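Participant: The structure file protein-v2.cif (mmCIF, C-alpha atoms) is provided below.
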data_target
loop_
_atom_site.group_PDB
_atom_site.id
_atom_site.type_symbol
_atom_site.label_atom_id
_atom_site.label_comp_id
_atom_site.auth_asym_id
_atom_site.auth_seq_id
_atom_site.Cartn_x
_atom_site.Cartn_y
_atom_site.Cartn_z
ATOM 1 C CA MET A 1 5.924 -2.940 -29.083
ATOM 2 C CA LYS A 2 3.010 -1.887 -31.264
ATOM 3 C CA LYS A 3 1.848 1.695 -31.422
ATOM 4 C CA VAL A 4 -1.515 3.224 -32.253
ATOM 5 C CA LEU A 5 -2.099 5.649 -35.073
ATOM 6 C CA PHE A 6 -4.901 7.564 -33.410
ATOM 7 C CA THR A 7 -4.436 10.596 -35.614
ATOM 8 C CA LEU A 8 -5.132 8.641 -38.808
ATOM 9 C CA ALA A 9 -6.646 5.430 -37.533
ATOM 10 C CA ALA A 10 -9.284 7.187 -35.470
ATOM 11 C CA ILE A 11 -10.310 9.225 -38.504
ATOM 12 C CA LEU A 12 -10.484 6.285 -40.844
ATOM 13 C CA GLY A 13 -11.948 3.980 -38.204
ATOM 14 C CA LEU A 14 -9.326 1.355 -38.808
ATOM 15 C CA SER A 15 -8.945 -1.625 -36.568
ATOM 16 C CA LEU A 16 -5.731 -2.728 -38.203
ATOM 17 C CA ALA A 17 -2.257 -3.081 -36.730
ATOM 18 C CA LEU A 18 -1.377 -0.275 -34.314
ATOM 19 C CA VAL A 19 1.077 2.355 -35.515
ATOM 20 C CA ALA A 20 2.517 5.712 -34.346
ATOM 21 C CA THR A 21 0.309 8.799 -33.710
ATOM 22 C CA SER A 22 0.067 12.161 -32.050
ATOM 23 C CA CYS A 23 -1.469 13.522 -28.858
ATOM 24 C CA GLY A 24 -3.574 16.270 -28.373
ATOM 25 C CA GLY A 25 -10.112 18.017 -20.929
ATOM 26 C CA GLY A 26 -9.764 19.095 -16.427
ATOM 27 C CA GLY A 27 -12.321 21.120 -15.471
ATOM 28 C CA GLY A 28 -14.866 21.935 -12.957
ATOM 29 C CA GLY A 29 -12.368 23.131 -10.375
ATOM 30 C CA SER A 30 -12.617 26.222 -8.213
ATOM 31 C CA ASP A 31 -10.844 28.077 -5.459
ATOM 32 C CA ASP A 32 -10.351 26.282 -2.163
ATOM 33 C CA ASP A 33 -13.135 28.392 -0.612
ATOM 34 C CA ASP A 34 -15.586 26.715 -2.979
ATOM 35 C CA GLU A 35 -14.539 23.172 -2.188
ATOM 36 C CA THR A 36 -17.182 20.744 -0.993
ATOM 37 C CA PRO A 37 -16.991 17.253 0.526
ATOM 38 C CA VAL A 38 -17.147 14.490 -2.053
ATOM 39 C CA ALA A 39 -16.658 10.755 -1.651
ATOM 40 C CA GLY A 40 -16.531 8.583 -4.751
ATOM 41 C CA SER A 41 -16.164 4.844 -5.099
ATOM 42 C CA GLY A 42 -12.550 3.935 -4.447
ATOM 43 C CA SER A 43 -11.799 7.445 -3.197
ATOM 44 C CA THR A 44 -11.168 8.877 0.223
ATOM 45 C CA SER A 45 -13.704 11.172 1.860
ATOM 46 C CA THR A 46 -12.106 14.613 1.785
ATOM 47 C CA SER A 47 -12.693 18.202 0.748
ATOM 48 C CA VAL A 48 -12.235 18.394 -3.013
ATOM 49 C CA PRO A 49 -13.008 20.984 -5.702
ATOM 50 C CA GLU A 50 -16.334 20.748 -7.459
ATOM 51 C CA GLY A 51 -16.074 18.413 -10.441
ATOM 52 C CA PHE A 52 -13.204 16.424 -8.936
ATOM 53 C CA VAL A 53 -12.986 13.161 -7.005
ATOM 54 C CA ALA A 54 -10.397 12.141 -4.440
ATOM 55 C CA VAL A 55 -8.644 8.919 -5.428
ATOM 56 C CA GLN A 56 -6.480 6.863 -3.097
ATOM 57 C CA GLY A 57 -3.103 5.968 -4.550
ATOM 58 C CA THR A 58 -1.250 2.690 -4.361
ATOM 59 C CA THR A 59 2.040 0.971 -5.155
ATOM 60 C CA PHE A 60 2.053 -1.674 -7.850
ATOM 61 C CA ASN A 61 4.847 -4.056 -6.888
ATOM 62 C CA GLY A 62 5.174 -5.917 -10.178
ATOM 63 C CA ALA A 63 4.271 -9.306 -8.759
ATOM 64 C CA ILE A 64 1.907 -9.871 -11.718
ATOM 65 C CA THR A 65 1.074 -8.438 -15.099
ATOM 66 C CA VAL A 66 -2.369 -6.842 -15.169
ATOM 67 C CA PRO A 67 -4.312 -8.452 -18.060
ATOM 68 C CA ASP A 68 -3.664 -6.716 -21.421
ATOM 69 C CA SER A 69 -1.630 -3.972 -19.761
ATOM 70 C CA GLN A 70 1.673 -2.782 -21.200
ATOM 71 C CA VAL A 71 2.153 -0.457 -18.227
ATOM 72 C CA PHE A 72 1.477 -2.615 -15.174
ATOM 73 C CA ILE A 73 3.809 -5.448 -16.039
ATOM 74 C CA GLU A 74 5.609 -8.067 -14.013
ATOM 75 C CA GLY A 75 8.810 -6.771 -12.456
ATOM 76 C CA ARG A 76 7.943 -3.077 -12.780
ATOM 77 C CA THR A 77 7.248 -1.090 -9.612
ATOM 78 C CA VAL A 78 4.827 1.809 -10.147
ATOM 79 C CA ILE A 79 3.873 4.368 -7.505
ATOM 80 C CA ILE A 80 0.470 5.996 -7.869
ATOM 81 C CA PRO A 81 0.108 8.959 -5.480
ATOM 82 C CA ASN A 82 -3.085 10.158 -3.835
ATOM 83 C CA LEU A 83 -4.846 12.313 -6.405
ATOM 84 C CA LEU A 84 -7.604 14.800 -6.996
ATOM 85 C CA VAL A 85 -8.957 13.838 -10.415
ATOM 86 C CA CYS A 86 -11.276 15.845 -12.606
ATOM 87 C CA ASP A 87 -14.282 13.645 -13.278
ATOM 88 C CA HIS A 88 -14.504 14.909 -16.876
ATOM 89 C CA GLU A 89 -12.403 16.100 -19.770
ATOM 90 C CA VAL A 90 -11.654 19.840 -19.823
ATOM 91 C CA THR A 91 -14.605 21.570 -21.460
ATOM 92 C CA GLN A 92 -14.584 24.361 -23.988
ATOM 93 C CA ALA A 93 -16.016 26.791 -21.422
ATOM 94 C CA GLU A 94 -13.368 25.865 -18.854
ATOM 95 C CA TYR A 95 -10.576 26.245 -21.377
ATOM 96 C CA GLN A 96 -11.944 29.573 -22.627
ATOM 97 C CA ALA A 97 -12.114 30.925 -19.071
ATOM 98 C CA VAL A 98 -8.400 30.284 -18.521
ATOM 99 C CA MET A 99 -6.836 30.738 -21.964
ATOM 100 C CA LEU A 100 -9.264 33.427 -23.231
ATOM 101 C CA SER A 101 -9.668 31.574 -26.506
ATOM 102 C CA ASN A 102 -11.246 28.396 -27.789
ATOM 103 C CA PRO A 103 -9.500 26.576 -30.661
ATOM 104 C CA SER A 104 -12.036 23.728 -30.833
ATOM 105 C CA SER A 105 -13.284 22.479 -34.169
ATOM 106 C CA PHE A 106 -16.653 21.439 -32.712
ATOM 107 C CA LYS A 107 -18.062 24.822 -31.707
ATOM 108 C CA ASN A 108 -21.290 24.487 -33.663
ATOM 109 C CA THR A 109 -24.209 22.078 -34.085
ATOM 110 C CA PRO A 110 -24.039 20.240 -30.752
ATOM 111 C CA ALA A 111 -26.277 17.210 -30.375
ATOM 112 C CA THR A 112 -29.892 17.848 -29.429
ATOM 113 C CA GLY A 113 -30.156 18.881 -25.786
ATOM 114 C CA GLU A 114 -26.421 19.569 -25.499
ATOM 115 C CA THR A 115 -24.428 22.795 -25.414
ATOM 116 C CA GLN A 116 -21.183 23.803 -27.071
ATOM 117 C CA ALA A 117 -19.740 25.039 -23.764
ATOM 118 C CA ASN A 118 -19.858 21.621 -22.096
ATOM 119 C CA ARG A 119 -18.296 19.699 -24.958
ATOM 120 C CA PRO A 120 -14.638 18.802 -24.406
ATOM 121 C CA VAL A 121 -12.074 21.220 -25.732
ATOM 122 C CA GLU A 122 -10.100 19.737 -28.626
ATOM 123 C CA SER A 123 -7.669 20.826 -31.303
ATOM 124 C CA VAL A 124 -5.229 21.574 -28.493
ATOM 125 C CA SER A 125 -1.663 20.359 -28.380
ATOM 126 C CA TRP A 126 0.242 18.845 -25.471
ATOM 127 C CA TYR A 127 2.024 22.196 -25.130
ATOM 128 C CA ASP A 128 -1.317 24.015 -24.982
ATOM 129 C CA ALA A 129 -2.458 21.609 -22.272
ATOM 130 C CA ILE A 130 0.487 22.183 -19.946
ATOM 131 C CA MET A 131 0.197 25.961 -20.388
ATOM 132 C CA TYR A 132 -3.474 25.681 -19.435
ATOM 133 C CA CYS A 133 -2.531 23.693 -16.340
ATOM 134 C CA ASN A 134 -0.084 26.337 -15.112
ATOM 135 C CA LYS A 135 -2.387 29.254 -15.890
ATOM 136 C CA ARG A 136 -5.299 27.591 -14.132
ATOM 137 C CA SER A 137 -3.105 26.729 -11.158
ATOM 138 C CA ALA A 138 -2.107 30.397 -10.833
ATOM 139 C CA ASP A 139 -5.737 31.514 -11.177
ATOM 140 C CA ASP A 140 -6.837 29.128 -8.414
ATOM 141 C CA GLY A 141 -3.998 29.886 -6.007
ATOM 142 C CA ARG A 142 -2.287 26.537 -6.510
ATOM 143 C CA THR A 143 1.426 25.980 -7.051
ATOM 144 C CA PRO A 144 2.102 25.388 -10.782
ATOM 145 C CA CYS A 145 3.632 22.029 -11.630
ATOM 146 C CA TYR A 146 5.342 22.773 -14.930
ATOM 147 C CA LYS A 147 8.537 24.730 -15.495
ATOM 148 C CA VAL A 148 10.407 25.615 -18.676
ATOM 149 C CA ASN A 149 14.107 26.039 -17.994
ATOM 150 C CA GLY A 150 13.203 26.298 -14.321
ATOM 151 C CA ASN A 151 10.540 29.004 -14.795
ATOM 152 C CA ALA A 152 6.879 28.347 -13.930
ATOM 153 C CA ASP A 153 5.681 31.725 -15.300
ATOM 154 C CA THR A 154 3.980 31.010 -18.626
ATOM 155 C CA ASP A 155 4.548 34.614 -19.737
ATOM 156 C CA GLN A 156 8.253 33.777 -19.837
ATOM 157 C CA TRP A 157 7.891 30.638 -21.938
ATOM 158 C CA GLY A 158 7.919 32.438 -25.296
ATOM 159 C CA TYR A 159 5.035 30.259 -26.475
ATOM 160 C CA THR A 160 1.941 31.180 -28.483
ATOM 161 C CA PRO A 161 -0.913 28.707 -27.928
ATOM 162 C CA HIS A 162 -2.759 27.144 -30.886
ATOM 163 C CA ALA A 163 -0.153 28.304 -33.401
ATOM 164 C CA GLY A 164 1.278 24.894 -34.196
ATOM 165 C CA ASN A 165 4.636 25.724 -32.660
ATOM 166 C CA SER A 166 6.487 24.209 -29.710
ATOM 167 C CA ILE A 167 7.896 25.259 -26.362
ATOM 168 C CA SER A 168 11.667 25.600 -26.477
ATOM 169 C CA GLY A 169 13.697 24.564 -23.473
ATOM 170 C CA THR A 170 13.674 21.866 -20.829
ATOM 171 C CA ILE A 171 10.185 21.100 -19.510
ATOM 172 C CA THR A 172 9.942 19.604 -16.032
ATOM 173 C CA CYS A 173 7.055 18.672 -13.771
ATOM 174 C CA ASP A 174 7.026 19.076 -9.986
ATOM 175 C CA PHE A 175 4.806 16.191 -8.928
ATOM 176 C CA SER A 176 4.871 17.380 -5.303
ATOM 177 C CA ALA A 177 3.169 20.683 -6.218
ATOM 178 C CA ASN A 178 -0.591 20.927 -5.723
ATOM 179 C CA GLY A 179 -1.322 22.547 -9.092
ATOM 180 C CA TYR A 180 -3.173 21.084 -12.039
ATOM 181 C CA ARG A 181 -1.264 18.746 -14.321
ATOM 182 C CA LEU A 182 -1.711 15.990 -16.866
ATOM 183 C CA PRO A 183 -1.805 12.482 -15.418
ATOM 184 C CA THR A 184 1.118 10.204 -16.012
ATOM 185 C CA GLU A 185 0.335 7.260 -18.251
ATOM 186 C CA ALA A 186 0.355 4.917 -15.262
ATOM 187 C CA GLU A 187 -1.996 7.215 -13.352
ATOM 188 C CA TRP A 188 -4.318 7.400 -16.348
ATOM 189 C CA GLU A 189 -4.536 3.627 -16.707
ATOM 190 C CA TYR A 190 -4.994 3.177 -12.964
ATOM 191 C CA LEU A 191 -7.913 5.619 -13.099
ATOM 192 C CA ALA A 192 -9.387 4.050 -16.227
ATOM 193 C CA ARG A 193 -9.260 0.631 -14.575
ATOM 194 C CA GLY A 194 -11.153 1.993 -11.575
ATOM 195 C CA GLY A 195 -8.132 1.490 -9.318
ATOM 196 C CA ASN A 196 -8.083 -2.259 -9.977
ATOM 197 C CA LEU A 197 -4.515 -3.496 -10.551
ATOM 198 C CA THR A 198 -5.229 -7.177 -10.008
ATOM 199 C CA ASN A 199 -5.613 -9.941 -12.563
ATOM 200 C CA THR A 200 -9.336 -10.405 -11.836
ATOM 201 C CA ASN A 201 -12.547 -8.488 -12.617
ATOM 202 C CA GLN A 202 -10.887 -6.354 -15.282
ATOM 203 C CA THR A 203 -13.062 -4.648 -17.907
ATOM 204 C CA THR A 204 -12.195 -3.972 -21.541
ATOM 205 C CA TYR A 205 -13.325 -0.364 -21.345
ATOM 206 C CA SER A 206 -13.326 2.084 -18.467
ATOM 207 C CA GLY A 207 -16.137 0.789 -16.299
ATOM 208 C CA THR A 208 -17.634 -2.075 -18.260
ATOM 209 C CA GLY A 209 -17.195 -4.520 -21.080
ATOM 210 C CA ASP A 210 -20.120 -2.923 -22.961
ATOM 211 C CA ILE A 211 -18.918 0.188 -24.763
ATOM 212 C CA GLY A 212 -22.322 1.284 -26.080
ATOM 213 C CA ASN A 213 -23.511 2.955 -22.857
ATOM 214 C CA LEU A 214 -20.011 4.004 -21.863
ATOM 215 C CA ALA A 215 -18.377 5.925 -24.686
ATOM 216 C CA TRP A 216 -18.819 8.321 -27.562
ATOM 217 C CA TYR A 217 -16.958 6.523 -30.327
ATOM 218 C CA SER A 218 -17.341 5.909 -34.058
ATOM 219 C CA THR A 219 -20.603 3.968 -33.733
ATOM 220 C CA THR A 220 -22.369 6.268 -31.244
ATOM 221 C CA SER A 221 -20.929 9.764 -31.759
ATOM 222 C CA ASP A 222 -22.610 10.871 -35.008
ATOM 223 C CA ASP A 223 -19.178 12.151 -36.075
ATOM 224 C CA LYS A 224 -18.889 14.774 -33.347
ATOM 225 C CA THR A 225 -17.911 15.318 -29.735
ATOM 226 C CA HIS A 226 -20.557 15.379 -27.034
ATOM 227 C CA GLU A 227 -21.088 17.044 -23.688
ATOM 228 C CA VAL A 228 -18.987 15.533 -20.939
ATOM 229 C CA LYS A 229 -20.622 13.334 -18.309
ATOM 230 C CA LYS A 230 -23.431 12.088 -20.569
ATOM 231 C CA LYS A 231 -22.300 8.460 -20.580
ATOM 232 C CA THR A 232 -21.871 5.949 -17.739
ATOM 233 C CA LYS A 233 -19.134 6.726 -15.220
ATOM 234 C CA ASN A 234 -16.628 4.156 -14.000
ATOM 235 C CA SER A 235 -16.216 2.858 -10.450
ATOM 236 C CA LEU A 236 -14.159 5.918 -9.457
ATOM 237 C CA ASP A 237 -16.955 8.239 -10.655
ATOM 238 C CA LEU A 238 -14.942 9.308 -13.714
ATOM 239 C CA TYR A 239 -16.594 9.930 -17.075
ATOM 240 C CA ASP A 240 -15.359 9.584 -20.665
ATOM 241 C CA MET A 241 -12.147 7.733 -19.863
ATOM 242 C CA SER A 242 -13.109 5.752 -22.968
ATOM 243 C CA GLY A 243 -14.053 7.816 -26.023
ATOM 244 C CA ASN A 244 -15.150 11.411 -26.736
ATOM 245 C CA VAL A 245 -11.573 12.786 -27.067
ATOM 246 C CA TRP A 246 -8.142 11.252 -26.687
ATOM 247 C CA GLU A 247 -6.447 12.381 -23.471
ATOM 248 C CA CYS A 248 -2.855 13.588 -23.277
ATOM 249 C CA CYS A 249 -0.558 12.178 -20.603
ATOM 250 C CA TRP A 250 2.705 13.572 -19.244
ATOM 251 C CA ASP A 251 4.966 10.713 -20.350
ATOM 252 C CA TRP A 252 7.293 10.507 -23.275
ATOM 253 C CA TYR A 253 6.456 7.509 -25.438
ATOM 254 C CA ASP A 254 9.279 4.956 -25.396
ATOM 255 C CA SER A 255 9.515 3.300 -28.789
ATOM 256 C CA ASP A 256 11.454 0.436 -27.200
ATOM 257 C CA GLY A 257 8.538 -0.303 -24.888
ATOM 258 C CA ILE A 258 8.021 -0.146 -21.150
ATOM 259 C CA THR A 259 10.319 -2.394 -19.157
ATOM 260 C CA ALA A 260 10.696 -3.366 -15.527
ATOM 261 C CA SER A 261 13.271 -0.590 -15.109
ATOM 262 C CA THR A 262 11.055 2.171 -16.560
ATOM 263 C CA PRO A 263 10.030 4.664 -13.828
ATOM 264 C CA SER A 264 6.429 5.528 -12.993
ATOM 265 C CA THR A 265 6.711 8.698 -15.055
ATOM 266 C CA GLY A 266 7.771 6.863 -18.203
ATOM 267 C CA ALA A 267 10.771 7.280 -20.482
ATOM 268 C CA ALA A 268 13.334 9.989 -19.680
ATOM 269 C CA SER A 269 13.170 11.453 -23.194
ATOM 270 C CA GLY A 270 11.633 10.966 -26.608
ATOM 271 C CA SER A 271 10.013 12.705 -29.562
ATOM 272 C CA SER A 272 6.343 12.033 -28.810
ATOM 273 C CA ARG A 273 4.017 12.024 -25.819
ATOM 274 C CA VAL A 274 1.464 9.433 -24.742
ATOM 275 C CA GLY A 275 -2.251 9.683 -25.522
ATOM 276 C CA ARG A 276 -4.952 7.420 -24.095
ATOM 277 C CA GLY A 277 -8.621 6.492 -24.239
ATOM 278 C CA GLY A 278 -9.807 6.869 -27.822
ATOM 279 C CA GLY A 279 -12.092 9.523 -29.268
ATOM 280 C CA TRP A 280 -15.355 10.267 -31.022
ATOM 281 C CA ASN A 281 -14.084 8.879 -34.341
ATOM 282 C CA SER A 282 -12.250 5.845 -32.959
ATOM 283 C CA ASN A 283 -13.236 2.215 -33.364
ATOM 284 C CA ALA A 284 -14.087 0.418 -30.130
ATOM 285 C CA SER A 285 -10.688 -1.282 -30.173
ATOM 286 C CA PHE A 286 -9.006 2.094 -29.645
ATOM 287 C CA CYS A 287 -11.128 2.960 -26.598
ATOM 288 C CA THR A 288 -9.932 0.219 -24.279
ATOM 289 C CA VAL A 289 -8.146 0.778 -20.966
ATOM 290 C CA SER A 290 -4.982 -0.855 -22.293
ATOM 291 C CA ILE A 291 -4.379 0.734 -25.720
ATOM 292 C CA ARG A 292 -1.375 3.072 -25.843
ATOM 293 C CA SER A 293 -0.860 5.822 -28.384
ATOM 294 C CA ASP A 294 1.784 8.442 -29.048
ATOM 295 C CA GLY A 295 2.290 11.604 -31.018
ATOM 296 C CA ASN A 296 4.127 14.844 -31.533
ATOM 297 C CA PRO A 297 3.445 17.243 -28.628
ATOM 298 C CA SER A 298 2.807 20.128 -31.058
ATOM 299 C CA TYR A 299 0.035 18.282 -32.929
ATOM 300 C CA ARG A 300 -3.538 19.593 -32.744
ATOM 301 C CA GLY A 301 -6.514 17.533 -33.919
ATOM 302 C CA SER A 302 -10.275 17.536 -33.431
ATOM 303 C CA HIS A 303 -10.074 14.205 -31.602
ATOM 304 C CA GLY A 304 -7.461 15.289 -29.012
ATOM 305 C CA GLY A 305 -8.129 16.828 -25.579
ATOM 306 C CA PHE A 306 -7.138 16.239 -21.966
ATOM 307 C CA ARG A 307 -8.216 16.056 -18.323
ATOM 308 C CA VAL A 308 -6.324 17.302 -15.277
ATOM 309 C CA VAL A 309 -5.323 15.875 -11.920
ATOM 310 C CA CYS A 310 -3.712 17.316 -8.781
ATOM 311 C CA SER A 311 -1.358 15.566 -6.417
ATOM 312 C CA ARG A 312 -2.528 15.635 -2.789
ATOM 313 C CA SER A 313 -0.698 14.894 0.418
ATOM 314 C CA GLU A 314 -3.540 13.658 2.644
#
Can you give me the file's structure in the form of structure tokens?

Facilitator:
Amino acid sequence: MKKVLFTLAAILGLSLALVATSCGGGGGGSDDDDETPVAGSGSTSTSVPEGFVAVQGTTFNGAITVPDSQVFIEGRTVIIPNLLVCDHEVTQAEYQAVMLSNPSSFKNTPATGETQANRPVESVSWYDAIMYCNKRSADDGRTPCYKVNGNADTDQWGYTPHAGNSISGTITCDFSANGYRLPTEAEWEYLARGGNLTNTNQTTYSGTGDIGNLAWYSTTSDDKTHEVKKKTKNSLDLYDMSGNVWECCWDWYDSDGITASTPSTGAASGSSRVGRGGGWNSNASFCTVSIRSDGNPSYRGSHGGFRVVCSRSE
């Protein structure tokens, strides 16, 4: 199984053999009282928070291997639940509102006509991302998904965001809770593929085979991040699934590769977490819907961010 060095390879713009890396934007959500009806392509018509889309889940029965996928492979059963999915990566303004700080490297000199606030937050670690999810869940009256040693209260985690440290203890995720969380790797790829898990009509990137109008990457980014939702959305009305910043996923990265017996939530343990989608300094080859990357959950880089999802029962 090859791995992607998105920490180094994205910076250098390499399109060489894929090697190991490190990982790590939600947004737009509001309290239930502010929810409005939204219906996106491939989604159910329901009441969803502003900036989110409702996506119908599915069960992949492993009868085929989806072209180029290392996740949706023959013999592996993967359950994708019904989801509320943020249509963009978590922005700097959204992160600041919850965490009361903004560690982003790209705070200045936005592109003409863009603002700093609406650029994706970056230079956040996987640990920072899950703390954000729990804090935002509490702020919005949702049930937090993440627990450390059985405790969902982030004040009890003994963790200082953006300090390059790690969260000590056993981290678990309650996928039945309605709070904000990182997508699993399988959920991320399902979303990036527009909900298409067949062996026909697949696209190289998230929404099209033409990356130019779709993604901020090494050729189009001018060496910086850009406001979310400026490029073409995919068939599920999701933006920036390819490019802008790499997106952290919940799963541990399994160095032995995904097998038919691997659960939907990935490996049971590991030393690095999965990142997907490519970033502003990545070559096009790193922005595809199929490329997998991994990295230390404490790593922070200017090309790493995240988006959030919520499980839903309807």

Participant: For A:Gly275, which residue out of A:Tyr190, A:Trp252, A:Phe60, A:Trp246 is the nearest one, using only C-alpha atoms?

Facilitator: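 Smallest separation from A:Gly275 among the options: A:Trp246.
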
Participant: Excluding stretch 116-120 of chain A and its own-chain neighbours fewer than 5 positions away, which residues fall within 12 Å of it when counting all atoms listed in the file? Please give them as JSON, numbers by chain.

Facilitator: {"A": [25, 26, 27, 28, 88, 89, 90, 91, 92, 93, 94, 95, 96, 97, 102, 103, 104, 105, 106, 107, 108, 109, 110, 111, 216, 224, 225, 226, 227, 228, 229, 230, 239, 240, 243, 244, 245, 246, 247, 279, 280, 302, 303, 304, 305, 306, 307]}

Participant: For the file shown, report as a list of chain:residue names the outcome of the PyMOL selection byres ((chain A and resi 300) around 7) at residue level.

Facilitator: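 Applying the PyMOL selection byres ((chain A and resi 300) around 7) to the structure shown produces A:Gly24, A:Ser123, A:Val124, A:Ser125, A:Ser298, A:Tyr299, A:Gly301, A:Gly304.
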
Participant: Can you write out the residues you just picked, keeping C-alpha atoms, as a PDB file, keeping the file's coordinate frame?

Facilitator:
ATOM      1  CA  GLY A  24      -3.574  16.270 -28.373  1.00  0.00           C
ATOM      2  CA  SER A 123      -7.669  20.826 -31.303  1.00  0.00           C
ATOM      3  CA  VAL A 124      -5.229  21.574 -28.493  1.00  0.00           C
ATOM      4  CA  SER A 125      -1.663  20.359 -28.380  1.00  0.00           C
ATOM      5  CA  SER A 298       2.807  20.128 -31.058  1.00  0.00           C
ATOM      6  CA  TYR A 299       0.035  18.282 -32.929  1.00  0.00           C
ATOM      7  CA  GLY A 301      -6.514  17.533 -33.919  1.00  0.00           C
ATOM      8  CA  GLY A 304      -7.461  15.289 -29.012  1.00  0.00           C
TER       9      GLY A 304
END

Participant: Pull out every residue that the PyMOL selection byres ((chain A and resi 166-173) around 8) matches in the shown coordinates and put them as a list in words.

Facilitator: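 Checking the PyMOL selection byres ((chain A and resi 166-173) around 8) against this file, the residues are Tyr127, Cys145, Tyr146, Lys147, Val148, Asn149, Gly150, Trp157, Gly158, Tyr159, Gly164, Asn165, Asp174, Phe175, Pro297 and Ser298 of chain A.
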
Participant: For this file, the PyMOL selection byres ((chain A and resi 193) around 12) selects which residues, as an NGL selection string?

Facilitator: :A and (42 or 66-69 or 72 or 186-192 or 194-209 or 233-238 or 241-242 or 277 or 288-290)

Participant: Which is closest to A:Pro49 among A:Asp128, A:Glu122, A:Asp140, A:Glu74, if we use all atoms listed in the file?

Facilitator: A:Asp140

Participant: To one decimal in Å, tell me the separation between atom CA of A:Asp87 and atom CA of A:Ile211.

Facilitator: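 Taking atom CA of A:Asp87 and atom CA of A:Ile211, their separation equals 18.3 Å.
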
Participant: Report, in Å to a single decimal, how far apart atom CA of A:Asn296 and atom CA of A:Ser269 are.

Facilitator: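 Computed distance, atom CA of A:Ser269 to atom CA of A:Asn296, equals 12.8 Å.
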
Participant: Report, in Å to a single decimal, how far apart atom CA of A:Ala129 and atom CA of A:Pro144 are.

Facilitator: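 Pair atom CA of A:Pro144 / atom CA of A:Ala129 returns 12.9 Å.
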
Participant: Could you give me, as a list in words, the residues within 12 Å of A:Gly257, counting all atoms listed in the file and dropping anything in the same chain fewer than 4 positions from it?

Facilitator: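 Close residues of A:Gly257: Met1, Lys2, Lys3, Ser69, Gln70, Val71, Ile73, Trp252, Tyr253, Ser261, Thr262, Gly266, Ala267, Gly270, Arg292, Ser293 and Asp294 of chain A.
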
Participant: Between A:Asn134, A:Gln56, A:Thr77, A:Thr232, which one has atoms that come closest to A:Ile258, using only C-alpha atoms?

Facilitator: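 Of all the options, A:Thr77 lies closest to A:Ile258.
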
Participant: Considering all atoms listed in the file, state which residue in the set A:Ser221, A:Ser264, A:Ser311, A:Asn283 is at the smallest distance from A:Val53.

Facilitator: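 Counting all atoms listed in the file, the residue closest to A:Val53 is A:Ser311.
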
Participant: Could you check the closest approach to A:Phe286 for each of A:Arg312, A:Ser218, A:Ala268, A:Ala260 and tell me which residue wins, using all atoms listed in the file?

Facilitator: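 Using all atoms listed in the file, A:Phe286 sits closest to A:Ser218.
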